file model-v5.txt (compact mmCIF, C-alpha atoms)
# COMPACT_ATOMS: atom_id res chain seq x y z
CA MET L 10 -9.38 -5.84 16.30
CA LYS L 11 -7.87 -4.67 19.59
CA LEU L 12 -10.35 -6.80 21.50
CA PHE L 13 -9.37 -9.82 19.41
CA ARG L 14 -5.69 -9.20 20.13
CA TYR L 15 -6.45 -8.84 23.82
CA PHE L 16 -8.21 -12.21 23.95
CA LEU L 17 -5.47 -13.81 21.84
CA TYR L 18 -2.67 -12.55 24.10
CA THR L 19 -4.62 -13.52 27.19
CA PHE L 20 -5.18 -17.03 25.84
CA LEU L 21 -1.51 -17.42 24.88
CA SER L 22 -0.38 -16.15 28.27
CA LEU L 23 -2.63 -18.59 30.11
CA PHE L 24 -1.56 -21.44 27.84
CA ILE L 25 2.12 -20.70 28.47
CA LEU L 26 1.51 -20.43 32.23
CA LEU L 27 -0.39 -23.72 32.23
CA ASN L 28 2.47 -25.46 30.43
CA ILE L 29 5.03 -24.04 32.86
CA LEU L 30 3.04 -25.34 35.81
CA LEU L 31 2.53 -28.76 34.22
CA ALA L 32 6.21 -29.00 33.35
CA PHE L 33 6.89 -28.62 37.09
CA HIS L 34 4.25 -31.29 37.78
CA ALA L 35 5.83 -33.77 35.37
CA TYR L 36 9.27 -33.15 36.86
CA ARG L 37 8.09 -33.57 40.44
CA PHE L 38 6.07 -36.69 39.66
CA THR L 39 9.18 -38.43 38.30
CA TYR L 40 11.76 -37.13 40.78
CA PHE L 41 12.34 -38.49 44.28
CA TYR L 42 14.25 -36.29 46.70
CA ASP L 43 16.69 -37.80 49.17
CA ASN L 44 15.15 -38.30 52.60
CA PRO L 45 17.85 -37.91 55.28
CA GLU L 46 15.19 -37.12 57.91
CA ARG L 47 13.69 -40.56 57.20
CA GLN L 48 10.16 -39.16 57.11
CA ARG L 49 7.37 -41.38 55.79
CA PRO L 50 6.22 -39.85 52.50
CA LYS L 51 2.53 -38.99 52.33
CA LYS L 52 0.14 -40.49 49.86
CA PRO L 53 -1.77 -37.98 47.67
CA GLU L 54 -4.98 -38.90 49.50
CA GLU L 55 -3.38 -37.81 52.83
CA TYR L 56 -2.52 -34.24 51.78
CA THR L 57 -4.27 -31.29 53.45
CA SER L 58 -6.20 -28.74 51.41
CA ALA L 59 -3.25 -26.32 51.53
CA GLU L 60 -0.84 -29.03 50.46
CA ARG L 61 -3.15 -30.03 47.64
CA LEU L 62 -3.29 -26.42 46.47
CA GLN L 63 0.49 -26.20 46.50
CA GLY L 64 0.65 -29.53 44.72
CA ALA L 65 -1.89 -28.34 42.16
CA LEU L 66 0.31 -25.35 41.35
CA PHE L 67 3.80 -26.80 41.50
CA GLY L 68 3.41 -30.58 41.77
CA LEU L 69 3.78 -32.92 44.71
CA LYS L 70 7.28 -33.20 46.15
CA PHE L 71 8.08 -36.87 46.65
CA LYS L 72 10.76 -38.09 49.03
CA LYS L 73 12.35 -41.50 48.91
CA ALA L 74 10.43 -44.07 50.94
CA VAL L 75 11.97 -45.04 54.26
CA VAL L 76 12.97 -48.68 54.73
CA ASP L 77 11.85 -49.05 58.34
CA SER L 78 10.74 -52.69 58.49
CA PHE L 79 12.73 -55.87 57.92
CA PRO L 80 12.09 -59.59 57.36
CA THR L 81 11.45 -61.58 60.51
CA VAL L 82 13.37 -64.58 59.14
CA PRO L 83 17.07 -64.84 58.22
CA PHE L 84 17.81 -62.83 55.08
CA GLN L 85 20.68 -61.52 53.02
CA THR L 86 21.00 -57.92 51.85
CA VAL L 87 22.14 -57.94 48.22
CA GLN L 88 23.22 -55.28 45.74
CA LEU L 89 21.87 -55.58 42.20
CA LYS L 90 23.51 -53.74 39.29
CA THR L 91 21.41 -52.56 36.35
CA THR L 92 22.67 -52.22 32.79
CA ASP L 93 22.50 -48.42 33.04
CA GLY L 94 24.58 -48.22 36.20
CA GLU L 95 22.04 -48.04 39.04
CA THR L 96 22.58 -50.00 42.26
CA LEU L 97 19.49 -51.60 43.78
CA GLU L 98 19.23 -52.92 47.32
CA GLY L 99 17.37 -56.19 47.79
CA TRP L 100 16.53 -58.75 50.44
CA TYR L 101 17.02 -62.38 49.51
CA VAL L 102 15.29 -64.89 51.80
CA PRO L 103 16.00 -68.58 51.17
CA ALA L 104 13.59 -71.38 52.01
CA GLN L 105 14.39 -74.94 53.01
CA ALA L 106 13.94 -77.30 50.02
CA ALA L 107 12.52 -74.37 48.06
CA LEU L 108 9.75 -74.84 45.51
CA GLY L 109 11.07 -71.90 43.50
CA THR L 110 11.74 -68.16 43.89
CA VAL L 111 9.27 -65.28 43.96
CA ILE L 112 10.59 -61.83 42.94
CA LEU L 113 8.56 -58.96 44.40
CA SER L 114 8.31 -55.51 42.76
CA HIS L 115 6.74 -52.73 44.83
CA GLY L 116 4.69 -49.71 43.75
CA HIS L 117 5.37 -46.01 43.13
CA ALA L 118 6.73 -44.06 46.14
CA ASN L 119 7.14 -47.25 48.20
CA SER L 120 9.94 -49.69 48.96
CA LYS L 121 10.65 -53.37 49.53
CA ALA L 122 9.59 -52.87 53.16
CA ARG L 123 6.00 -52.39 51.95
CA VAL L 124 5.80 -55.88 50.42
CA LEU L 125 7.06 -57.76 53.47
CA ALA L 126 3.64 -59.28 54.21
CA GLU L 127 3.47 -60.80 50.73
CA ALA L 128 7.12 -61.92 50.87
CA GLN L 129 6.58 -63.60 54.21
CA TYR L 130 3.60 -65.57 52.93
CA PHE L 131 5.43 -66.72 49.81
CA HIS L 132 8.21 -67.90 52.14
CA GLU L 133 5.68 -69.77 54.27
CA LEU L 134 4.55 -71.55 51.10
CA GLY L 135 8.11 -72.77 50.59
CA PHE L 136 9.51 -70.25 48.11
CA ASN L 137 12.73 -68.28 48.22
CA THR L 138 11.91 -64.58 47.92
CA LEU L 139 13.72 -61.54 46.54
CA ALA L 140 12.23 -58.13 47.31
CA TYR L 141 14.12 -55.08 46.05
CA ASP L 142 13.91 -51.30 45.91
CA PHE L 143 13.33 -49.81 42.46
CA ARG L 144 15.71 -47.05 41.41
CA ALA L 145 14.98 -43.75 43.19
CA HIS L 146 13.15 -45.69 45.91
CA GLY L 147 14.14 -46.90 49.36
CA ASN L 148 17.86 -47.61 49.66
CA SER L 149 18.55 -47.87 45.92
CA SER L 150 20.52 -45.31 43.95
CA GLY L 151 19.14 -42.63 41.67
CA ASN L 152 16.44 -39.98 41.90
CA ILE L 153 14.62 -40.37 38.58
CA CYS L 154 11.53 -42.59 38.39
CA THR L 155 9.80 -43.28 35.08
CA ILE L 156 6.78 -45.12 36.56
CA GLY L 157 8.04 -48.48 35.29
CA TYR L 158 9.29 -47.43 31.85
CA ASN L 159 13.04 -47.61 32.55
CA GLU L 160 12.47 -49.69 35.68
CA VAL L 161 12.26 -52.71 33.37
CA GLN L 162 16.06 -52.77 33.80
CA ASP L 163 15.51 -53.18 37.54
CA VAL L 164 13.18 -56.13 36.96
CA LYS L 165 15.82 -57.63 34.66
CA ALA L 166 18.59 -57.18 37.27
CA ALA L 167 16.48 -58.95 39.90
CA TYR L 168 15.57 -61.75 37.51
CA ASP L 169 19.21 -62.25 36.45
CA PHE L 170 20.32 -62.43 40.09
CA VAL L 171 17.90 -65.29 40.74
CA ALA L 172 18.58 -67.01 37.40
CA ARG L 173 22.33 -67.05 38.11
CA LYS L 174 21.56 -69.17 41.17
CA GLY L 175 20.26 -71.83 38.79
CA GLU L 176 16.60 -71.27 39.67
CA LYS L 177 14.20 -72.65 37.07
CA ASN L 178 10.88 -71.88 38.77
CA ILE L 179 10.80 -68.06 38.92
CA VAL L 180 7.54 -66.28 39.80
CA LEU L 181 7.20 -62.54 39.21
CA TRP L 182 4.89 -60.64 41.56
CA GLY L 183 4.27 -56.89 41.28
CA ILE L 184 1.86 -54.27 42.55
CA SER L 185 0.79 -51.09 40.71
CA MET L 186 3.94 -49.61 39.12
CA GLY L 187 5.77 -52.86 39.86
CA ALA L 188 3.13 -54.87 38.02
CA ALA L 189 3.25 -52.48 35.05
CA ALA L 190 7.06 -52.69 34.91
CA ILE L 191 6.85 -56.49 34.83
CA THR L 192 4.56 -56.48 31.79
CA LYS L 193 6.93 -54.19 29.87
CA ALA L 194 10.02 -56.14 30.95
CA LEU L 195 8.55 -59.35 29.56
CA VAL L 196 8.18 -57.62 26.20
CA ASP L 197 11.58 -55.89 26.24
CA TYR L 198 13.62 -58.92 27.35
CA SER L 199 13.02 -62.22 25.60
CA ASP L 200 15.25 -64.08 28.08
CA LEU L 201 12.87 -63.38 30.96
CA LYS L 202 10.90 -66.59 31.20
CA PRO L 203 9.01 -66.76 34.51
CA THR L 204 6.88 -69.81 35.11
CA ARG L 205 4.05 -67.67 36.56
CA VAL L 206 3.18 -63.98 36.91
CA ILE L 207 1.03 -62.29 39.56
CA LEU L 208 -0.13 -58.73 38.79
CA GLU L 209 -1.89 -56.62 41.40
CA CYS L 210 -3.77 -53.42 40.38
CA PRO L 211 -1.63 -52.50 37.34
CA PHE L 212 -2.70 -49.48 35.26
CA ALA L 213 -3.65 -50.09 31.63
CA SER L 214 -1.53 -47.21 30.32
CA LEU L 215 0.55 -44.39 31.73
CA TYR L 216 -2.04 -41.98 30.34
CA GLU L 217 -4.73 -43.63 32.48
CA ALA L 218 -2.38 -43.79 35.46
CA VAL L 219 -1.91 -40.02 35.29
CA GLN L 220 -5.68 -39.56 35.06
CA GLY L 221 -6.10 -41.79 38.12
CA ARG L 222 -3.58 -39.78 40.10
CA LEU L 223 -5.32 -36.51 39.20
CA ARG L 224 -8.67 -38.00 40.22
CA THR L 225 -7.36 -38.79 43.71
CA MET L 226 -6.39 -35.13 44.05
CA HIS L 227 -9.81 -33.98 42.79
CA LEU L 228 -8.21 -32.19 39.84
CA PRO L 229 -9.50 -32.04 36.23
CA THR L 230 -7.96 -34.78 34.09
CA SER L 231 -8.06 -33.07 30.69
CA PRO L 232 -6.11 -31.46 29.09
CA ALA L 233 -3.76 -31.83 32.08
CA SER L 234 -3.13 -35.56 31.43
CA GLU L 235 -2.07 -35.01 27.83
CA LEU L 236 0.20 -32.09 28.71
CA LEU L 237 1.74 -33.92 31.67
CA LEU L 238 2.61 -36.88 29.46
CA THR L 239 4.09 -34.58 26.84
CA TRP L 240 6.32 -32.83 29.36
CA GLY L 241 7.21 -36.12 31.03
CA SER L 242 8.31 -37.52 27.67
CA LEU L 243 10.49 -34.48 26.97
CA GLU L 244 12.02 -34.32 30.44
CA ARG L 245 12.75 -38.02 30.86
CA GLY L 246 13.50 -39.05 27.28
CA MET L 247 10.66 -41.57 27.06
CA TRP L 248 7.57 -42.02 24.90
CA SER L 249 4.96 -41.85 27.64
CA PHE L 250 1.98 -42.17 25.29
CA GLY L 251 3.17 -45.59 24.13
CA TYR L 252 3.65 -47.02 27.62
CA SER L 253 0.72 -49.44 27.83
CA PRO L 254 0.69 -52.55 30.07
CA ALA L 255 -2.67 -53.46 28.52
CA ASP L 256 -0.94 -53.82 25.16
CA TYR L 257 2.06 -55.62 26.65
CA ALA L 258 -0.33 -58.18 28.16
CA HIS L 259 -0.65 -59.82 24.73
CA GLN L 260 2.88 -61.19 25.22
CA LEU L 261 2.11 -62.91 28.53
CA HIS L 262 1.77 -66.58 27.63
CA MET L 263 2.53 -68.09 31.03
CA PRO L 264 -0.13 -68.58 33.76
CA VAL L 265 -1.19 -65.15 35.04
CA LEU L 266 -3.14 -64.12 38.15
CA LEU L 267 -4.57 -60.58 37.98
CA ASN L 268 -5.85 -59.02 41.23
CA TRP L 269 -7.82 -55.77 41.58
CA GLY L 270 -9.66 -53.92 44.37
CA ALA L 271 -13.26 -52.90 43.72
CA ASN L 272 -12.74 -49.62 45.62
CA ASP L 273 -9.62 -48.64 43.67
CA LYS L 274 -9.73 -44.88 42.95
CA ARG L 275 -6.65 -44.94 40.72
CA VAL L 276 -7.16 -47.98 38.49
CA THR L 277 -10.63 -48.52 37.03
CA ARG L 278 -12.49 -51.76 36.40
CA HIS L 279 -12.40 -50.93 32.69
CA GLU L 280 -8.59 -50.85 32.74
CA THR L 281 -8.47 -54.13 34.64
CA ASP L 282 -10.88 -55.86 32.26
CA GLU L 283 -8.86 -54.60 29.28
CA ILE L 284 -5.63 -56.01 30.68
CA PHE L 285 -7.27 -59.33 31.51
CA ALA L 286 -8.85 -59.65 28.06
CA ASN L 287 -5.47 -58.97 26.42
CA ILE L 288 -3.44 -61.48 28.42
CA GLY L 289 -2.10 -63.92 25.84
CA SER L 290 -2.30 -66.96 28.09
CA THR L 291 -5.40 -69.14 28.30
CA ARG L 292 -4.34 -69.98 31.86
CA LYS L 293 -5.38 -66.71 33.47
CA GLN L 294 -7.57 -65.68 36.36
CA LEU L 295 -9.01 -62.36 37.58
CA ILE L 296 -9.79 -61.95 41.28
CA VAL L 297 -11.72 -58.89 42.51
CA PHE L 298 -11.26 -57.91 46.16
CA GLU L 299 -14.57 -56.28 47.05
CA GLN L 300 -13.43 -54.62 50.29
CA SER L 301 -10.15 -53.20 48.97
CA GLY L 302 -8.81 -50.24 47.05
CA HIS L 303 -5.36 -49.54 45.60
CA GLN L 304 -3.52 -51.36 48.36
CA SER L 305 -2.01 -54.60 49.63
CA PHE L 306 -4.66 -57.30 49.34
CA CYS L 307 -2.56 -59.51 51.60
CA LYS L 308 -3.21 -56.98 54.38
CA SER L 309 -6.77 -55.87 53.51
CA GLU L 310 -8.32 -59.26 52.68
CA GLY L 311 -5.68 -61.73 53.83
CA PRO L 312 -7.65 -65.00 53.85
CA LYS L 313 -9.09 -64.43 50.37
CA TRP L 314 -5.72 -63.33 48.96
CA LYS L 315 -3.86 -66.26 50.48
CA ALA L 316 -6.43 -68.74 49.18
CA ALA L 317 -6.07 -67.30 45.68
CA ILE L 318 -2.27 -67.48 45.89
CA ASN L 319 -2.43 -71.06 47.17
CA ARG L 320 -4.57 -72.15 44.24
CA PHE L 321 -2.48 -70.29 41.68
CA LEU L 322 0.87 -71.63 42.93
CA ASP L 323 -0.55 -75.03 43.88
CA ALA L 324 1.09 -74.75 47.29
CA GLU L 325 0.13 -74.83 50.95
CA PRO L 326 1.78 -73.13 53.97
CA ARG L 327 4.52 -75.17 55.60
CA PRO L 328 4.71 -75.95 59.34
CA ILE L 329 6.51 -73.30 61.37
CA ALA L 330 8.98 -75.91 62.63
CA HIS L 331 10.08 -76.56 59.05
CA LEU L 332 10.53 -72.86 58.31
CA ALA L 333 12.69 -72.47 61.41
CA GLN L 334 15.29 -74.79 59.90
CA SER L 335 16.51 -72.01 57.56
CA LYS L 336 20.12 -71.17 58.32
CA ALA L 337 21.09 -67.64 59.31
CA LEU L 338 22.72 -65.62 56.56
CA THR L 339 25.47 -63.05 56.68
CA PRO L 340 24.13 -59.71 55.38
call {"tool": "encode", "arguments": {"input": "model-v5.txt", "output": "structure tokens"}}
result
Amino acid sequence: MKLFRYFLYTFLSLFILLNILLAFHAYRFTYFYDNPERQRPKKPEEYTSAERLQGALFGLKFKKAVVDSFPTVPFQTVQLKTTDGETLEGWYVPAQAALGTVILSHGHANSKARVLAEAQYFHELGFNTLAYDFRAHGNSSGNICTIGYNEVQDVKAAYDFVARKGEKNIVLWGISMGAAAITKALVDYSDLKPTRVILECPFASLYEAVQGRLRTMHLPTSPASELLLTWGSLERGMWSFGYSPADYAHQLHMPVLLNWGANDKRVTRHETDEIFANIGSTRKQLIVFEQSGHQSFCKSEGPKWKAAINRFLDAEPRPIAHLAQSKALTP
């Protein structure tokens, strides 16, 4: 009987300790610290063994991404207000005789500066562009990130800014967390009616996204994933287990381009195939970038990515002389 009690108390103690550690993990994963030193945050894959051990025990400490690059063409810095009071910083770049406007949503722990290559190419094709920092990222307000769950309000704020300009041809482009947020926003807001959507390496569900993150750190995925989602739900007031871009894909009835890297360690081919199969539109296409991982395909396989974008948007790059006609804007 004493031996039984010993094992029972030991098990309960370990279970409580595990939950305490994972509660820290969930908090750290969804909190971005201010970054006055303007240091470039590391990716999980770049951590040393000691840093990984510390991260395994207490969670990775994320700092806000530094906005250290800027458009090379005239642009306007804009402030977007969300319905829950956050202020987002964006860059609006107009094009001469624009074909439409592309709104770019970046990934977790990044900023609008990390989608400049894509924004520049969309501009070369003749589109206005709006790239913005999600809440808790870059130069936007806030410190809490919900991996796209509440960031749907950020997508809505960006969309409304462009729609108020009278734009009818709005294209939504997003990568990773940004792509996932777009799928949820299109379900949550019926007045978001983009003409086309481009999704790059979105996760099928937050549960699978957490598993992917743990895999990159060479940590066991179960039962850590389930407990992390539970604590994340409690700490951030969200139902993490129901956050599923693969399910939201049923509501995408516009033309959709889905891009994925064959060497992606975070998002699996199974997730990508599930999302693609669920997309409600018959006008959909899946492109696999064989030499790429969870990254910018514009940078890793530029010619292939640009060709795919050209076909999807039915557009071709404009002469540089034409692009130079854009008037300078007052920030």
call {"tool": "residues_around", "arguments": {"input": "model-v5.txt", "residues": "segment 54-64 of chain L", "least_positions_apart": "2", "cutoff": "12 Å", "atoms": "only C-alpha atoms", "output": "list in words"}}
result
Leu30, Leu31, Phe33, His34, Ala35, Arg37, Phe38, Arg49, Pro50, Lys51, Lys52, Leu66, Phe67, Gly68, Leu69, Lys70, Phe71, Gly221, Arg222, Leu223, Arg224, Thr225, Met226, His227, Leu228, Lys274, Arg275 and His303 of chain L
call {"tool": "closest_residue", "arguments": {"input": "model-v5.txt", "among": "L:His279, L:Arg320, L:Lys73, L:Lys193", "to": "Arg144 of chain L", "atoms": "only C-alpha atoms"}}
result
L:Lys73
call {"tool": "closest_residue", "arguments": {"input": "model-v5.txt", "among": "L:Leu195, L:Leu295, L:Met247, L:Leu108", "to": "His262 of chain L", "atoms": "only C-alpha atoms"}}
result
L:Leu195
call {"tool": "atom_distance", "arguments": {"input": "model-v5.txt", "atom1": "atom CA of Leu238 of chain L", "atom2": "atom CA of Leu23 of chain L"}}
result
19.0 Å
call {"tool": "residues_around", "arguments": {"input": "model-v5.txt", "residues": "segment 209-218 of chain L", "least_positions_apart": "4", "cutoff": "10 Å", "atoms": "all atoms listed in the file", "output": "ChimeraX atom specification"}}
result
/L:116,155-158,182-192,222-224,230,234-235,237-238,249-258,266-270,273,275-285,295-297,302-306
call {"tool": "closest_residue", "arguments": {"input": "model-v5.txt", "among": "L:Leu208, L:Lys308, L:Thr86, L:Tyr198", "to": "Leu125 of chain L", "atoms": "only C-alpha atoms"}}
result
L:Lys308
call {"tool": "atom_distance", "arguments": {"input": "model-v5.txt", "atom1": "atom CA of Ser301 of chain L", "atom2": "atom CA of Lys121 of chain L"}}
result
20.8 Å
call {"tool": "atom_distance", "arguments": {"input": "model-v5.txt", "atom1": "atom CA of Phe143 of chain L", "atom2": "atom CA of Glu325 of chain L"}}
result
29.5 Å
call {"tool": "closest_residue", "arguments": {"input": "model-v5.txt", "among": "L:Pro328, L:Gly99, L:Gly94, L:Gly109", "to": "Pro80 of chain L", "atoms": "all atoms listed in the file"}}
result
L:Gly99
call {"tool": "closest_residue", "arguments": {"input": "model-v5.txt", "among": "L:Val76, L:Ile25, L:Cys307, L:Met10", "to": "Gln129 of chain L", "atoms": "all atoms listed in the file"}}
result
L:Cys307
call {"tool": "closest_residue", "arguments": {"input": "model-v5.txt", "among": "L:Ala128, L:Ala122, L:Leu134, L:Val87", "to": "Val171 of chain L", "atoms": "all atoms listed in the file"}}
result
L:Val87
call {"tool": "axis_aligned_box", "arguments": {"input": "model-v5.txt", "around": "segment 245-248 of chain L", "padding_each_side": "5 Å", "output": "AutoDock Vina command-line options"}}
result
--center_x 10.5 --center_y -40.0 --center_z 27.9 --size_x 15.9 --size_y 14.0 --size_z 16.0
